[in-house]
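K.L.:
There's a structure below that I have some questions on.
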Amino acid sequence: MVAMQACARHSRWQLALESFVLAPSPRTPVLYSAALSACAKGEQWSLGLQLLETLHAERARADTAVYNGAISMCAKAQQWQHSLALFDGLNSESLEPDLITHNSLITAFEKGGQWQRALAAFTKTPSPSVVTYSSAVSACARGSQWQVALLLFEAQKRSTGVDVILCSAVLTACRGDAWPRALQLLADFERSSRANLVAYSAAVSACAPGGHWTQALQLLVQAQARAIKADTAIYTSLIAACAAAAGWQQAFFFLRRLRSSMLQANEVTYNAVLSACENAEEWQYALEVLGALSHQSLQADAASFSAAVSVCGRCWRWEQSLHLLAAALRSDVEANVILYSTAISACEKGNQWPVALHVLDQAQRTSLRIDVVASSAAISACEKACQWQRATFLLDGHGPSVVAYSAAASACGKNARWTHALSLLQELEEQSSGRVDTEVTYTVAIQAVAQAGARVAEWAWGGY
């Protein structure tokens, strides 16, 4: 038992499970809990659920601790549906959920982006702890519900006082539009001497989406004035703020400052710098940053390549975008839909519709679920080349996307197929069940008919 727990703690989940298999039957709930912990460490949630089935097959009775381990395991794997099913299973076995059970379920909802469910679970938690409040606030942060996060924070503050962990969580919830509120909260924490590096990092991160890098820099200065030593995370958030403002020069400056502070930049840091180059359309610098990753013994990921592919596409370097896509596929990078979409968009911008269709076909041959962005970019490429039949063919099985249908309708209009264009827009309205703005569809319809008329006139004049 002790050896099994030691293996689980050191992420040697295979050895831990071997010890579990060799254990004599009937196995105790403590053994099952240790095995589930090993599965969680090894990111083997499906295997962990099979262990629970084994428990029931052995007619052994699970206790609350076993269910807690299983719910937490599924939460870490972002499998909130399984966590909820396990919570219901615990109740069906007449077991009493404890605080750990409730906290694990709320965390599962938080990681799964289910902030409403997280709040519902929070209201059913008897005597919630700081961890409970923090998980609920984090769920609200993921759901962009900063007002609700503030209400939870105020409720907890009245109950047990200010907690640093919860402070950081509520600051994170104020990312984006609510960044001024984050600065106010941080000022309150400073007055109560509660502000630490984590709180300052969260406040800097709150400034990042809106590109408020000067405010973020001021926060870094304030932290250093309080003898708080900056770390890589706070510099990375500052660089992300520069990136949102297309401040590529500032991003490079703070990257150099990070290094001069004897800190180690990580993949997230370099991706933030790449994002700055992308937003500023500095494709050559983006390629330099991408190359610097390997020189720093860091691994470029899909986000790194996507940013580089995107900036090359924006700068009419579609061939370079394809070279980068090929390089990503040759490496150990797990290509995602965003990477393919940016490559297709690069081809679309470069008026390379056959290549765009080839990349789309390449993406469809993978196990990825192609989204509306990728297919819309391919349709737009066909629209620019007046390939109306190919554009309408790509709509097959497509959801009600205004961008995709508008591009296909425009392609029809350019080829004097105005009746086809109107049929497509009618199909869009029917699929969307009235959710699409009729003013938008009418505008597209008028443009398509006008394009068709201009095309017919062009053909007529060409006959003389």
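Letters A, B, ... go to the chains of the structure tokens in the order shown; residues in each chain start at 1; ligands are counted from 1 in the same order.
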What are the DSSP helix (DSSP H, G or I) residues of range 200-299 of chain A, as a JSON list (two decimals) with C-alpha atoms, in the first residue's frame?

P.N.:
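Result went into out_11.json, see below:
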[["chain", "number", "residue", "atom", "x", "y", "z"],
["A", 200, "TYR", "CA", 0.08, 41.63, -8.80],
["A", 201, "SER", "CA", 0.43, 39.02, -11.56],
["A", 202, "ALA", "CA", -3.35, 38.62, -11.67],
["A", 203, "ALA", "CA", -3.82, 42.40, -11.90],
["A", 204, "VAL", "CA", -1.25, 42.68, -14.71],
["A", 205, "SER", "CA", -3.01, 39.81, -16.46],
["A", 206, "ALA", "CA", -6.31, 41.72, -16.13],
["A", 207, "CYS", "CA", -4.78, 44.58, -18.14],
["A", 213, "TRP", "CA", 0.48, 47.82, -21.12],
["A", 214, "THR", "CA", 1.35, 51.17, -19.50],
["A", 215, "GLN", "CA", -0.97, 50.38, -16.58],
["A", 216, "ALA", "CA", 0.49, 46.87, -16.43],
["A", 217, "LEU", "CA", 4.00, 48.32, -16.30],
["A", 218, "GLN", "CA", 2.97, 50.65, -13.47],
["A", 219, "LEU", "CA", 1.77, 47.62, -11.50],
["A", 220, "LEU", "CA", 5.13, 45.94, -11.99],
["A", 221, "VAL", "CA", 6.87, 49.08, -10.71],
["A", 222, "GLN", "CA", 4.54, 49.14, -7.67],
["A", 223, "ALA", "CA", 5.31, 45.50, -6.91],
["A", 224, "GLN", "CA", 9.06, 46.09, -7.08],
["A", 225, "ALA", "CA", 8.69, 49.16, -4.83],
["A", 232, "THR", "CA", 8.41, 35.04, -15.44],
["A", 233, "ALA", "CA", 4.61, 34.97, -15.16],
["A", 234, "ILE", "CA", 4.24, 38.70, -14.45],
["A", 235, "TYR", "CA", 6.61, 39.62, -17.29],
["A", 236, "THR", "CA", 4.72, 37.30, -19.62],
["A", 237, "SER", "CA", 1.42, 39.02, -18.73],
["A", 238, "LEU", "CA", 3.06, 42.40, -19.35],
["A", 239, "ILE", "CA", 4.29, 41.23, -22.76],
["A", 240, "ALA", "CA", 0.78, 39.93, -23.52],
["A", 241, "ALA", "CA", -0.58, 43.42, -22.80],
["A", 242, "CYS", "CA", 1.96, 44.84, -25.26],
["A", 243, "ALA", "CA", 0.89, 42.22, -27.80],
["A", 244, "ALA", "CA", -2.77, 43.21, -27.55],
["A", 248, "TRP", "CA", 6.05, 44.58, -30.72],
["A", 249, "GLN", "CA", 8.98, 46.84, -29.79],
["A", 250, "GLN", "CA", 7.80, 47.06, -26.18],
["A", 251, "ALA", "CA", 7.32, 43.27, -26.15],
["A", 252, "PHE", "CA", 10.95, 42.75, -27.20],
["A", 253, "PHE", "CA", 12.11, 45.30, -24.63],
["A", 254, "PHE", "CA", 10.40, 43.47, -21.77],
["A", 255, "LEU", "CA", 11.66, 40.12, -23.06],
["A", 256, "ARG", "CA", 15.20, 41.48, -22.81],
["A", 257, "ARG", "CA", 14.43, 42.91, -19.38],
["A", 258, "LEU", "CA", 13.14, 39.51, -18.25],
["A", 259, "ARG", "CA", 16.40, 37.88, -19.33],
["A", 260, "SER", "CA", 18.53, 40.58, -17.69],
["A", 267, "GLU", "CA", 6.93, 28.92, -24.28],
["A", 268, "VAL", "CA", 4.07, 31.13, -23.10],
["A", 269, "THR", "CA", 6.41, 34.13, -22.98],
["A", 270, "TYR", "CA", 7.65, 33.58, -26.52],
["A", 271, "ASN", "CA", 4.11, 33.00, -27.76],
["A", 272, "ALA", "CA", 3.15, 36.40, -26.31],
["A", 273, "VAL", "CA", 6.04, 38.00, -28.23],
["A", 274, "LEU", "CA", 4.93, 36.15, -31.37],
["A", 275, "SER", "CA", 1.42, 37.50, -30.85],
["A", 276, "ALA", "CA", 2.87, 41.03, -30.68],
["A", 277, "CYS", "CA", 4.66, 40.46, -33.99],
["A", 278, "GLU", "CA", 1.48, 39.04, -35.48],
["A", 279, "ASN", "CA", -0.67, 42.01, -34.45],
["A", 280, "ALA", "CA", 1.96, 44.46, -35.69],
["A", 283, "TRP", "CA", 6.56, 38.71, -40.09],
["A", 284, "GLN", "CA", 10.38, 38.70, -40.20],
["A", 285, "TYR", "CA", 10.68, 39.29, -36.46],
["A", 286, "ALA", "CA", 8.06, 36.59, -35.88],
["A", 287, "LEU", "CA", 10.23, 34.08, -37.75],
["A", 288, "GLU", "CA", 13.23, 35.12, -35.65],
["A", 289, "VAL", "CA", 11.26, 34.53, -32.44],
["A", 290, "LEU", "CA", 10.08, 31.14, -33.70],
["A", 291, "GLY", "CA", 13.69, 30.18, -34.40],
["A", 292, "ALA", "CA", 14.80, 31.46, -30.99],
["A", 293, "LEU", "CA", 12.50, 28.97, -29.28],
["A", 294, "SER", "CA", 14.62, 26.02, -30.37],
["A", 295, "HIS", "CA", 17.84, 27.86, -29.48]]

K.L.:
Give me the residues near Val130 in chain A as a list in words, where near means some atom within 8 Å (using only C-alpha atoms) and where sequence neighbours in that chain fewer than 2 positions away do not count.

P.N.:
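Using only C-alpha atoms, the neighbours found are Pro128, Thr132, Tyr133, Ser134, Gln156, Asp163 and Leu166 of chain A.
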
K.L.:
Write the residues you've just listed into a file as a PDB file, in the first residue's frame, and include C-alpha atoms for each of them.

P.N.:
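New file selection.pdb:
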ATOM      1  CA  PRO A 128     -18.162  26.514   1.932  1.00  0.00           C
ATOM      2  CA  THR A 132     -14.973  26.520  -2.488  1.00  0.00           C
ATOM      3  CA  TYR A 133     -15.258  30.263  -3.027  1.00  0.00           C
ATOM      4  CA  SER A 134     -12.058  30.348  -5.105  1.00  0.00           C
ATOM      5  CA  GLN A 156     -16.605  35.497   1.517  1.00  0.00           C
ATOM      6  CA  ASP A 163      -7.904  35.693   1.577  1.00  0.00           C
ATOM      7  CA  LEU A 166      -9.412  34.382  -3.424  1.00  0.00           C
TER       8      LEU A 166
END

K.L.:
Between CA of Ser410 in chain A and CA of Asn351 in chain A, what is the distance, to one decimal in Å?

P.N.:
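Result for CA of Ser410 in chain A versus CA of Asn351 in chain A: 15.6 Å, one decimal.
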
K.L.:
So which residues touch range 386-393 of chain A within 9 Å, counting only C-alpha atoms, skipping near sequence neighbours fewer than 3 positions away, as a PyMOL selection string?

P.N.:
chain A and resi 353+378-383+396+404-405+407-415+417+424

K.L.:
Excluding range 316-324 of chain A and any residue of its chain fewer than 3 positions from it, enumerate the residues within 6 Å of it, using only C-alpha atoms, and give them as number ranges by chain.

P.N.:
A: 309, 312-313, 327, 346-347, 350

K.L.:
Name the residues in contact with Ala328 in chain A at a cut-off of 8 Å, using only C-alpha atoms, excluding same-chain residues fewer than 5 positions from it; report them as a VMD selection string.

P.N.:
chain A and resid 302 305 333 335

K.L.:
With distances taken over only C-alpha atoms, which of A:Asp63, A:Asp231, A:Asp301, A:Glu110 is nearest to Met262 in chain A?

P.N.:
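When distances to Met262 in chain A are compared using only C-alpha atoms, the smallest one comes from A:Asp231.
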